[in-house]
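Notes to accompany the following structure.
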Amino acid sequence: MIHLTFPDGAVREFVPGTTGAEVASSIAKSLAKKSLAMKLDGALADLSDPITTDAKFELVTRESPEALELIRHDAAHVLAEAVQELWPGTQVTIGPVIENGFYYDFFRNEPFSLEDFPAIEKKMREIIARDAPFTKEVWSRDETKRVFAEKGEAFKVELVDAIPADQSIKIYKQGTWFDLCRGPHMPSVGKIGSAFKLMKVAGAYWRGDANNPMLTRIYGTAWRTQEELDAYIHQLEEAEKRDHRRLGREMDLFHFQEEGPGVVFWHPKGWTLFQGLVSYMRRRLAADYAEVNAPQVLDKSLWETSGHWGWYKENMFKVQSAGDGTDDERVFALKPMNCPGHVQIFKHGLKSYRDLPMRLAEFGAVHRYEPSGALHGLMRVRGFTQDDAHIFCTEEQMAAECLKINDLILSTYADFGFDEIIVKLSTRPDKRVGTDEVWDHAEEVMGRVLEQIASQSNRIKTAILPGEGAFYGPKFEYTLRDAIGREWQCGTTQVDFNLPERFGAFYVDADGSKKTPVMIHRAICGSMERFTGILVEHFAGHFPLWLAPTQAVVATITSEGDEYAQEIVALAKKAGLRAELDVRNEKINYKVREHSLAKVPALIVVGRKEAAERTVSIRRLGSPNQTTMTLDEALASLVVEATAPDVVREKAAA
């Protein structure tokens, strides 16, 4: 007999060879009907697979986290079948699951287009309605290649040759159609349901090589329910409206051009926004961190010592000196990260345990090579600024430092309106440096910190990612959820036992011995450029007044209000507001539309009447209404609203 351990801890005996479907039926017929797959010792498997050894057993239903991957995987197979039914002779290649959906690559003389989607979706629904079962067969390599060659599937034949010799060849059938696949699959195609939609079409080279044939890639999305699909489509529509690249143009914040791929051309308003973000972060760090600046170009020997030259060289920009006979044509690199430079600063001069913790922060410009196809506005660039910091401390100080960093990260996100945060602890990978004792201590400390984080608020979720830590230490990853529900991984806290030791960094302990400090890498925004892009999309350009690059525009109705408008702008600037003047000979409705498109939070409208009464009419972004008040009241109100949240707290505490 074999023993299966269920999620509730119960253990049951079964005859060897019992399938997952039979186990489900032994519990309840209704459960068997709901089940999509099973997990054996955490690995997904077909319900039809025989179970031959003791294992931890779990059934996967439509409500399980794994359900979406199964639904999307099966939908990719149905997409391929539909295309081949509609256009016989089309060759299928690969069709993996991706984030939020799936795709399948096809080879056909005439590429597919969006106009083909209605016919494909209709055929997919027909196939799903047939509810053919998924069945698995294991074929020999020779048989597999022969069958696909006879079908004219040259790409599948090539895929067979790429499968390692020690792996079996699995064929999944759905009715008369079949595909080469690792699996697993749900019991039948009907389990996919109707909540799917084809999204876009693109070109893709076979195996990503431009020397290979061009394929047509059809993307789709699939969900458990129509409500989930509708919510996702709505999110995409909202994301398109909020696209930071479009808003960047409308608000005149920045641009990109071919002569500088992957680097940002900041315009005055965009640079004001960016520097406002940097200034906020500087204020938050002022009490505890010393700001430093390490060189951007360093000899490759430093990167060899740090280890980056060995495992990150392909992503580094290299610079060779002119070779004038004085420097032996040395090879340098633009720094892709700040940490090795900070170790050099720590090493300069003898450090005592009394100097720890030492917290060094830098808004460091770094450069990393990203493939041109991966570049995406501010979200994926080649040159960016990191709000980087490194804390050098003792092992005894590590817990307090991690908690201090956590509080800073969470309060920072809250100031920008991000209240739903996920904090994930990534633990030791198989390949790592440091002793098990050091890892035990670090993970125990960070585990306690994670428990405290979880207890702070029900809006903060926590998770553990086993084996996902860096090779040099465990880490926290901070993921925030924006206004339309998208998740962005931004902040990190990483414990490092490796880099200080590589560089021979040490401090003198109380007993006079030399000890290697623990190095904690910390980032809050991560890439300041990317975080700016996230903020643009989170607020849809409607920034809170304290963050907006232009906080107010004073616009005149007629030229009779010009002098008064100029006085208002001067007073507003004196009060610390970022105000602009608009006395153009244009209709006020035109001015309102233009400044609304530029997302100016407050439009102060004045004319002859307002000038005589020393009042103003304020129109707020997104509101059709106007509020009339005295000039002094208006300026005082705007000044209060334009005060950054950290400054408000500081004043309240004083």
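Labels used: A, B, ... for chains in the order of the structure tokens, numbers from 1 for residues in each chain, and numbers from 1 for ligands as shown.
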Polymer residues at most 12 Å from region 55-60 of chain A, only C-alpha atoms, same-chain spacing of 2 or more positions, as a JSON list (two decimals) with N, CA and C atoms, in the first residue's frame:
```json
[["chain", "number", "residue", "atom", "x", "y", "z"],
["A", 2, "ILE", "N", 0.33, 2.34, -0.57],
["A", 2, "ILE", "CA", 1.03, 3.63, -0.51],
["A", 2, "ILE", "C", 0.26, 4.54, 0.42],
["A", 3, "HIS", "N", 0.96, 5.52, 0.98],
["A", 3, "HIS", "CA", 0.36, 6.43, 1.95],
["A", 3, "HIS", "C", 0.38, 7.85, 1.39],
["A", 4, "LEU", "N", -0.79, 8.47, 1.33],
["A", 4, "LEU", "CA", -0.92, 9.84, 0.85],
["A", 4, "LEU", "C", -1.27, 10.75, 2.02],
["A", 5, "THR", "N", -0.49, 11.82, 2.15],
["A", 5, "THR", "CA", -0.72, 12.79, 3.22],
["A", 5, "THR", "C", -1.46, 13.99, 2.64],
["A", 6, "PHE", "N", -2.62, 14.30, 3.19],
["A", 6, "PHE", "CA", -3.47, 15.36, 2.68],
["A", 6, "PHE", "C", -3.13, 16.70, 3.35],
["A", 7, "PRO", "N", -3.56, 17.81, 2.77],
["A", 7, "PRO", "CA", -3.20, 19.13, 3.33],
["A", 7, "PRO", "C", -3.58, 19.31, 4.80],
["A", 8, "ASP", "N", -4.64, 18.63, 5.25],
["A", 8, "ASP", "CA", -5.04, 18.77, 6.66],
["A", 8, "ASP", "C", -4.25, 17.87, 7.60],
["A", 9, "GLY", "N", -3.26, 17.14, 7.04],
["A", 9, "GLY", "CA", -2.42, 16.26, 7.86],
["A", 9, "GLY", "C", -2.89, 14.82, 7.89],
["A", 10, "ALA", "N", -4.10, 14.55, 7.41],
["A", 10, "ALA", "CA", -4.62, 13.18, 7.41],
["A", 10, "ALA", "C", -3.83, 12.32, 6.43],
["A", 11, "VAL", "N", -3.64, 11.05, 6.81],
["A", 11, "VAL", "CA", -2.92, 10.10, 5.97],
["A", 11, "VAL", "C", -3.86, 8.94, 5.63],
["A", 12, "ARG", "N", -3.93, 8.62, 4.32],
["A", 12, "ARG", "CA", -4.79, 7.51, 3.89],
["A", 12, "ARG", "C", -4.00, 6.54, 3.03],
["A", 13, "GLU", "N", -4.42, 5.28, 3.09],
["A", 13, "GLU", "CA", -3.76, 4.23, 2.31],
["A", 13, "GLU", "C", -4.50, 4.00, 1.00],
["A", 14, "PHE", "N", -3.70, 3.72, -0.07],
["A", 14, "PHE", "CA", -4.28, 3.41, -1.37],
["A", 14, "PHE", "C", -3.44, 2.32, -2.03],
["A", 16, "PRO", "N", -1.14, 0.86, -4.81],
["A", 16, "PRO", "CA", -0.21, 1.46, -5.77],
["A", 16, "PRO", "C", -0.82, 1.48, -7.17],
["A", 19, "THR", "N", -5.06, 6.36, -9.36],
["A", 19, "THR", "CA", -4.91, 7.67, -10.02],
["A", 19, "THR", "C", -5.43, 8.79, -9.12],
["A", 20, "GLY", "N", -5.05, 10.00, -9.46],
["A", 20, "GLY", "CA", -5.55, 11.16, -8.72],
["A", 20, "GLY", "C", -7.05, 11.27, -8.81],
["A", 21, "ALA", "N", -7.62, 10.95, -9.97],
["A", 21, "ALA", "CA", -9.07, 11.01, -10.14],
["A", 21, "ALA", "C", -9.76, 10.01, -9.22],
["A", 22, "GLU", "N", -9.16, 8.83, -9.06],
["A", 22, "GLU", "CA", -9.75, 7.82, -8.18],
["A", 22, "GLU", "C", -9.65, 8.24, -6.72],
["A", 23, "VAL", "N", -8.56, 8.91, -6.35],
["A", 23, "VAL", "CA", -8.44, 9.42, -4.98],
["A", 23, "VAL", "C", -9.53, 10.45, -4.72],
["A", 24, "ALA", "N", -9.74, 11.35, -5.68],
["A", 24, "ALA", "CA", -10.77, 12.38, -5.52],
["A", 24, "ALA", "C", -12.15, 11.75, -5.39],
["A", 25, "SER", "N", -12.44, 10.74, -6.22],
["A", 25, "SER", "CA", -13.75, 10.07, -6.16],
["A", 25, "SER", "C", -13.97, 9.36, -4.84],
["A", 27, "ILE", "N", -13.11, 10.38, -2.05],
["A", 27, "ILE", "CA", -13.47, 11.39, -1.04],
["A", 27, "ILE", "C", -14.90, 11.86, -1.26],
["A", 31, "LEU", "N", -16.27, 16.37, -5.49],
["A", 31, "LEU", "CA", -14.89, 16.85, -5.50],
["A", 31, "LEU", "C", -14.17, 16.36, -6.75],
["A", 32, "ALA", "N", -14.44, 15.12, -7.14],
["A", 32, "ALA", "CA", -13.82, 14.59, -8.35],
["A", 32, "ALA", "C", -14.23, 15.40, -9.57],
["A", 33, "LYS", "N", -15.50, 15.82, -9.59],
["A", 33, "LYS", "CA", -16.00, 16.60, -10.72],
["A", 33, "LYS", "C", -15.34, 17.98, -10.77],
["A", 34, "LYS", "N", -15.02, 18.54, -9.60],
["A", 34, "LYS", "CA", -14.43, 19.88, -9.53],
["A", 34, "LYS", "C", -12.92, 19.87, -9.77],
["A", 35, "SER", "N", -12.27, 18.73, -9.60],
["A", 35, "SER", "CA", -10.81, 18.68, -9.62],
["A", 35, "SER", "C", -10.27, 18.83, -11.04],
["A", 36, "LEU", "N", -9.17, 19.57, -11.15],
["A", 36, "LEU", "CA", -8.53, 19.83, -12.44],
["A", 36, "LEU", "C", -7.21, 19.09, -12.58],
["A", 37, "ALA", "N", -6.50, 18.92, -11.48],
["A", 37, "ALA", "CA", -5.19, 18.27, -11.49],
["A", 37, "ALA", "C", -4.87, 17.90, -10.05],
["A", 38, "MET", "N", -3.66, 17.37, -9.83],
["A", 38, "MET", "CA", -3.23, 17.06, -8.47],
["A", 38, "MET", "C", -1.80, 17.53, -8.28],
["A", 39, "LYS", "N", -1.41, 17.65, -7.03],
["A", 39, "LYS", "CA", -0.03, 17.96, -6.69],
["A", 39, "LYS", "C", 0.52, 16.81, -5.86],
["A", 40, "LEU", "N", 1.64, 16.28, -6.31],
["A", 40, "LEU", "CA", 2.34, 15.22, -5.57],
["A", 40, "LEU", "C", 3.66, 15.79, -5.09],
["A", 41, "ASP", "N", 3.79, 15.90, -3.78],
["A", 41, "ASP", "CA", 4.98, 16.52, -3.19],
["A", 41, "ASP", "C", 5.25, 17.89, -3.81],
["A", 42, "GLY", "N", 4.16, 18.62, -4.06],
["A", 42, "GLY", "CA", 4.25, 19.98, -4.56],
["A", 42, "GLY", "C", 4.33, 20.12, -6.06],
["A", 43, "ALA", "N", 4.48, 19.00, -6.81],
["A", 43, "ALA", "CA", 4.61, 19.06, -8.27],
["A", 43, "ALA", "C", 3.26, 18.76, -8.92],
["A", 44, "LEU", "N", 2.86, 19.59, -9.89],
["A", 44, "LEU", "CA", 1.61, 19.39, -10.60],
["A", 44, "LEU", "C", 1.66, 18.12, -11.44],
["A", 45, "ALA", "N", 0.54, 17.41, -11.48],
["A", 45, "ALA", "CA", 0.46, 16.18, -12.29],
["A", 45, "ALA", "C", -0.96, 16.00, -12.79],
["A", 46, "ASP", "N", -1.12, 15.21, -13.86],
["A", 46, "ASP", "CA", -2.45, 14.89, -14.39],
["A", 46, "ASP", "C", -3.23, 14.05, -13.38],
["A", 47, "LEU", "N", -4.53, 14.26, -13.33],
["A", 47, "LEU", "CA", -5.37, 13.43, -12.47],
["A", 47, "LEU", "C", -5.36, 11.97, -12.91],
["A", 51, "ILE", "N", -0.40, 6.84, -9.08],
["A", 51, "ILE", "CA", 0.47, 7.21, -7.96],
["A", 51, "ILE", "C", 1.10, 5.93, -7.44],
["A", 52, "THR", "N", 2.43, 5.91, -7.43],
["A", 52, "THR", "CA", 3.13, 4.65, -7.12],
["A", 52, "THR", "C", 3.92, 4.68, -5.81],
["A", 53, "THR", "N", 4.10, 5.89, -5.23],
["A", 53, "THR", "CA", 4.88, 5.98, -3.99],
["A", 53, "THR", "C", 4.18, 6.88, -2.99],
["A", 62, "ARG", "N", -10.70, 24.68, -9.41],
["A", 62, "ARG", "CA", -10.74, 25.95, -10.12],
["A", 62, "ARG", "C", -10.40, 27.12, -9.19],
["A", 63, "GLU", "N", -10.57, 26.94, -7.89],
["A", 63, "GLU", "CA", -10.26, 28.00, -6.93],
["A", 63, "GLU", "C", -8.79, 28.01, -6.52],
["A", 64, "SER", "N", -8.04, 26.99, -6.87],
["A", 64, "SER", "CA", -6.64, 26.89, -6.47],
["A", 64, "SER", "C", -5.78, 27.90, -7.23],
["A", 65, "PRO", "N", -4.68, 28.35, -6.62],
["A", 65, "PRO", "CA", -3.78, 29.29, -7.32],
["A", 65, "PRO", "C", -3.24, 28.73, -8.64],
["A", 66, "GLU", "N", -3.09, 27.41, -8.72],
["A", 66, "GLU", "CA", -2.52, 26.80, -9.93],
["A", 66, "GLU", "C", -3.52, 26.70, -11.08],
["A", 67, "ALA", "N", -4.80, 26.97, -10.80],
["A", 67, "ALA", "CA", -5.84, 26.76, -11.81],
["A", 67, "ALA", "C", -5.63, 27.62, -13.05],
["A", 68, "LEU", "N", -5.24, 28.87, -12.85],
["A", 68, "LEU", "CA", -5.09, 29.77, -14.00],
["A", 68, "LEU", "C", -4.04, 29.26, -14.98],
["A", 69, "GLU", "N", -2.93, 28.73, -14.46],
["A", 69, "GLU", "CA", -1.89, 28.21, -15.35],
["A", 69, "GLU", "C", -2.42, 27.05, -16.16],
["A", 70, "LEU", "N", -3.21, 26.17, -15.54],
["A", 70, "LEU", "CA", -3.77, 25.03, -16.25],
["A", 70, "LEU", "C", -4.77, 25.49, -17.31],
["A", 71, "ILE", "N", -5.63, 26.42, -16.95],
["A", 71, "ILE", "CA", -6.64, 26.93, -17.90],
["A", 71, "ILE", "C", -5.95, 27.55, -19.11],
["A", 184, "PRO", "N", 1.32, 19.24, -17.13],
["A", 184, "PRO", "CA", 0.06, 18.47, -17.18],
["A", 184, "PRO", "C", -1.09, 19.27, -17.79],
["A", 185, "HIS", "N", -2.23, 18.58, -17.95],
["A", 185, "HIS", "CA", -3.44, 19.20, -18.47],
["A", 185, "HIS", "C", -4.62, 18.86, -17.57],
["A", 186, "MET", "N", -5.70, 19.60, -17.78],
["A", 186, "MET", "CA", -6.94, 19.30, -17.07],
["A", 186, "MET", "C", -7.59, 18.07, -17.69],
["A", 187, "PRO", "N", -8.63, 17.51, -17.06],
["A", 187, "PRO", "CA", -9.23, 16.27, -17.60],
["A", 187, "PRO", "C", -9.78, 16.41, -19.01]]
```
Hey, what's within 9 Å of region 281-298 of chain A if we count only C-alpha atoms and toss same-chain stuff fewer than 5 positions away? As an mmCIF file with C-alpha atoms, in the first residue's frame, please?
```cif
data_model
loop_
_atom_site.group_PDB
_atom_site.id
_atom_site.type_symbol
_atom_site.label_atom_id
_atom_site.label_comp_id
_atom_site.auth_asym_id
_atom_site.auth_seq_id
_atom_site.Cartn_x
_atom_site.Cartn_y
_atom_site.Cartn_z
ATOM 1 C CA GLY A 276 10.951 66.541 -6.030
ATOM 2 C CA TRP A 303 34.331 44.184 -10.653
ATOM 3 C CA VAL A 319 35.081 51.418 -21.647
ATOM 4 C CA VAL A 331 39.586 48.206 -19.238
ATOM 5 C CA PHE A 332 36.962 50.038 -17.221
ATOM 6 C CA ALA A 333 33.214 49.590 -16.724
ATOM 7 C CA LEU A 334 30.346 51.956 -16.075
ATOM 8 C CA LYS A 335 28.977 50.867 -12.742
ATOM 9 C CA PRO A 336 25.785 48.788 -12.938
ATOM 10 C CA ASN A 338 26.661 51.043 -6.231
ATOM 11 C CA PRO A 340 31.277 47.763 -4.530
ATOM 12 C CA GLY A 341 31.930 51.508 -4.352
ATOM 13 C CA HIS A 342 30.281 51.714 -0.941
ATOM 14 C CA GLN A 344 35.515 50.958 -0.718
ATOM 15 C CA ILE A 345 34.193 53.957 1.216
ATOM 16 C CA MET A 358 27.162 52.727 9.359
ATOM 17 C CA ARG A 359 24.476 53.656 6.834
ATOM 18 C CA LEU A 360 25.675 54.950 3.459
ATOM 19 C CA ALA A 361 23.145 56.194 0.890
ATOM 20 C CA GLU A 362 23.593 57.275 -2.703
ATOM 21 C CA PHE A 363 21.364 58.454 -5.512
ATOM 22 C CA GLY A 364 23.761 56.737 -7.851
ATOM 23 C CA ALA A 365 23.573 56.886 -11.641
ATOM 24 C CA VAL A 366 24.050 53.349 -12.938
ATOM 25 C CA HIS A 367 24.050 51.792 -16.399
ATOM 26 C CA ASP A 387 18.009 55.240 -4.314
ATOM 27 C CA ALA A 389 21.887 52.384 0.530
ATOM 28 C CA ILE A 391 24.180 49.376 6.036
ATOM 29 C CA LEU A 408 10.981 53.459 6.302
ATOM 30 C CA THR A 412 7.391 55.973 2.167
ATOM 31 C CA ASP A 646 6.877 64.036 5.691
ATOM 32 C CA VAL A 647 7.165 67.773 6.338
#
```
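On the backbone of this structure, DSSP gives strand (DSSP E or B) within region 139-206 of chain A to Trp139, Ile169, Lys170, Ile171, Tyr172, Lys173, Gln174, Trp177, Phe178, Asp179, Leu180, Ser188, Phe196, Lys197, Leu198, Met199, Lys200, Val201, Ala202, Gly203, Ala204 and Tyr205 of chain A.
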Just to be explicit: take each residue in the selection above, keep C-alpha atoms, and write the result as an mmCIF file, in the first residue's frame.
```cif
data_model
loop_
_atom_site.group_PDB
_atom_site.id
_atom_site.type_symbol
_atom_site.label_atom_id
_atom_site.label_comp_id
_atom_site.auth_asym_id
_atom_site.auth_seq_id
_atom_site.Cartn_x
_atom_site.Cartn_y
_atom_site.Cartn_z
ATOM 1 C CA TRP A 139 6.038 7.819 -27.751
ATOM 2 C CA ILE A 169 8.411 12.120 -25.198
ATOM 3 C CA LYS A 170 4.867 12.970 -24.118
ATOM 4 C CA ILE A 171 1.992 13.449 -26.543
ATOM 5 C CA TYR A 172 -1.293 14.949 -25.371
ATOM 6 C CA LYS A 173 -4.399 14.255 -27.415
ATOM 7 C CA GLN A 174 -7.678 16.175 -27.352
ATOM 8 C CA TRP A 177 -5.786 16.591 -32.496
ATOM 9 C CA PHE A 178 -2.535 16.105 -30.595
ATOM 10 C CA ASP A 179 0.565 18.017 -29.585
ATOM 11 C CA LEU A 180 4.023 17.472 -28.169
ATOM 12 C CA SER A 188 -10.908 17.752 -20.701
ATOM 13 C CA PHE A 196 -10.964 33.793 -22.745
ATOM 14 C CA LYS A 197 -10.090 36.343 -25.399
ATOM 15 C CA LEU A 198 -7.457 36.693 -28.120
ATOM 16 C CA MET A 199 -5.540 39.899 -27.556
ATOM 17 C CA LYS A 200 -2.912 40.713 -30.161
ATOM 18 C CA VAL A 201 -0.728 39.384 -32.942
ATOM 19 C CA ALA A 202 3.010 39.876 -33.438
ATOM 20 C CA GLY A 203 5.952 38.549 -35.393
ATOM 21 C CA ALA A 204 8.528 36.307 -33.728
ATOM 22 C CA TYR A 205 11.560 34.495 -35.072
#
```
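The shortest atom-to-atom distance to Gln489 (chain A), with only C-alpha atoms taken into account, belongs to A:Ile524 out of A:Ala76, A:Ala575, A:Ile524, A:Leu356.
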What are the DSSP alpha helix (DSSP H) residues of region 205-245 of chain A, as an mmCIF file with N, CA and C atoms, in the first residue's frame?
```cif
data_model
loop_
_atom_site.group_PDB
_atom_site.id
_atom_site.type_symbol
_atom_site.label_atom_id
_atom_site.label_comp_id
_atom_site.auth_asym_id
_atom_site.auth_seq_id
_atom_site.Cartn_x
_atom_site.Cartn_y
_atom_site.Cartn_z
ATOM 1 N N GLN A 226 -16.023 34.931 -16.258
ATOM 2 C CA GLN A 226 -16.199 36.098 -17.113
ATOM 3 C C GLN A 226 -15.940 37.378 -16.329
ATOM 4 N N GLU A 227 -16.278 37.373 -15.041
ATOM 5 C CA GLU A 227 -16.044 38.557 -14.206
ATOM 6 C C GLU A 227 -14.552 38.868 -14.106
ATOM 7 N N GLU A 228 -13.728 37.811 -13.951
ATOM 8 C CA GLU A 228 -12.280 38.015 -13.903
ATOM 9 C C GLU A 228 -11.754 38.533 -15.240
ATOM 10 N N LEU A 229 -12.278 37.984 -16.335
ATOM 11 C CA LEU A 229 -11.857 38.446 -17.659
ATOM 12 C C LEU A 229 -12.243 39.905 -17.867
ATOM 13 N N ASP A 230 -13.474 40.257 -17.513
ATOM 14 C CA ASP A 230 -13.930 41.642 -17.671
ATOM 15 C C ASP A 230 -13.077 42.599 -16.847
ATOM 16 N N ALA A 231 -12.729 42.178 -15.625
ATOM 17 C CA ALA A 231 -11.897 43.023 -14.764
ATOM 18 C C ALA A 231 -10.517 43.223 -15.372
ATOM 19 N N TYR A 232 -9.981 42.167 -15.978
ATOM 20 C CA TYR A 232 -8.662 42.266 -16.601
ATOM 21 C C TYR A 232 -8.701 43.189 -17.821
ATOM 22 N N ILE A 233 -9.725 43.048 -18.655
ATOM 23 C CA ILE A 233 -9.858 43.913 -19.832
ATOM 24 C C ILE A 233 -10.003 45.363 -19.390
ATOM 25 N N HIS A 234 -10.783 45.586 -18.327
ATOM 26 C CA HIS A 234 -10.939 46.953 -17.802
ATOM 27 C C HIS A 234 -9.603 47.491 -17.301
ATOM 28 N N GLN A 235 -8.832 46.631 -16.643
ATOM 29 C CA GLN A 235 -7.523 47.053 -16.153
ATOM 30 C C GLN A 235 -6.614 47.450 -17.310
ATOM 31 N N LEU A 236 -6.659 46.677 -18.411
ATOM 32 C CA LEU A 236 -5.850 47.006 -19.579
ATOM 33 C C LEU A 236 -6.271 48.342 -20.185
ATOM 34 N N GLU A 237 -7.574 48.576 -20.240
ATOM 35 C CA GLU A 237 -8.068 49.844 -20.784
ATOM 36 C C GLU A 237 -7.611 51.004 -19.919
ATOM 37 N N GLU A 238 -7.680 50.801 -18.595
ATOM 38 C CA GLU A 238 -7.220 51.844 -17.677
ATOM 39 C C GLU A 238 -5.716 52.051 -17.811
ATOM 40 N N ALA A 239 -4.990 50.944 -17.960
ATOM 41 C CA ALA A 239 -3.536 51.048 -18.101
ATOM 42 C C ALA A 239 -3.166 51.818 -19.356
ATOM 43 N N GLU A 240 -3.928 51.620 -20.430
ATOM 44 C CA GLU A 240 -3.652 52.351 -21.666
ATOM 45 C C GLU A 240 -3.875 53.844 -21.477
ATOM 46 N N LYS A 241 -4.943 54.189 -20.764
ATOM 47 C CA LYS A 241 -5.210 55.605 -20.490
ATOM 48 C C LYS A 241 -4.100 56.210 -19.632
ATOM 49 N N ARG A 242 -3.539 55.387 -18.739
ATOM 50 C CA ARG A 242 -2.549 55.871 -17.777
ATOM 51 C C ARG A 242 -1.113 55.705 -18.271
ATOM 52 N N HIS A 244 2.410 55.934 -19.013
ATOM 53 C CA HIS A 244 3.263 57.068 -18.648
ATOM 54 C C HIS A 244 3.933 57.695 -19.852
ATOM 55 N N ARG A 245 4.104 56.927 -20.928
ATOM 56 C CA ARG A 245 4.725 57.490 -22.132
ATOM 57 C C ARG A 245 3.794 58.504 -22.789
#
```
Please identify every residue of region 456-490 of chain A that has at least one atom no farther than 12 Å from an atom of region 536-559 of chain A, counting only C-alpha atoms, and for each give the shortest atom pair and the distance in Å to one decimal, arranged by chain then increasing number, as a tab-separated table.
```
residue	atom	partner	partner_atom	distance
A:Leu480	CA	A:His538	CA	10.8
A:Arg481	CA	A:His538	CA	9.1
A:Asp482	CA	A:His538	CA	5.5
A:Ala483	CA	A:His538	CA	5.4
A:Ile484	CA	A:His538	CA	7.5
A:Gly485	CA	A:His538	CA	9.5
A:Arg486	CA	A:His538	CA	9.3
A:Glu487	CA	A:His538	CA	10.8
A:Trp488	CA	A:His538	CA	10.7
```
ask   = So which residues touch Ala154 (chain A) within 12 Å, counting only C-alpha atoms, skipping near sequence neighbours fewer than 4 positions away, as a VMD selection string?
value = chain A and resid 89 to 93 106 to 107 144 to 150 158 to 161 206 213
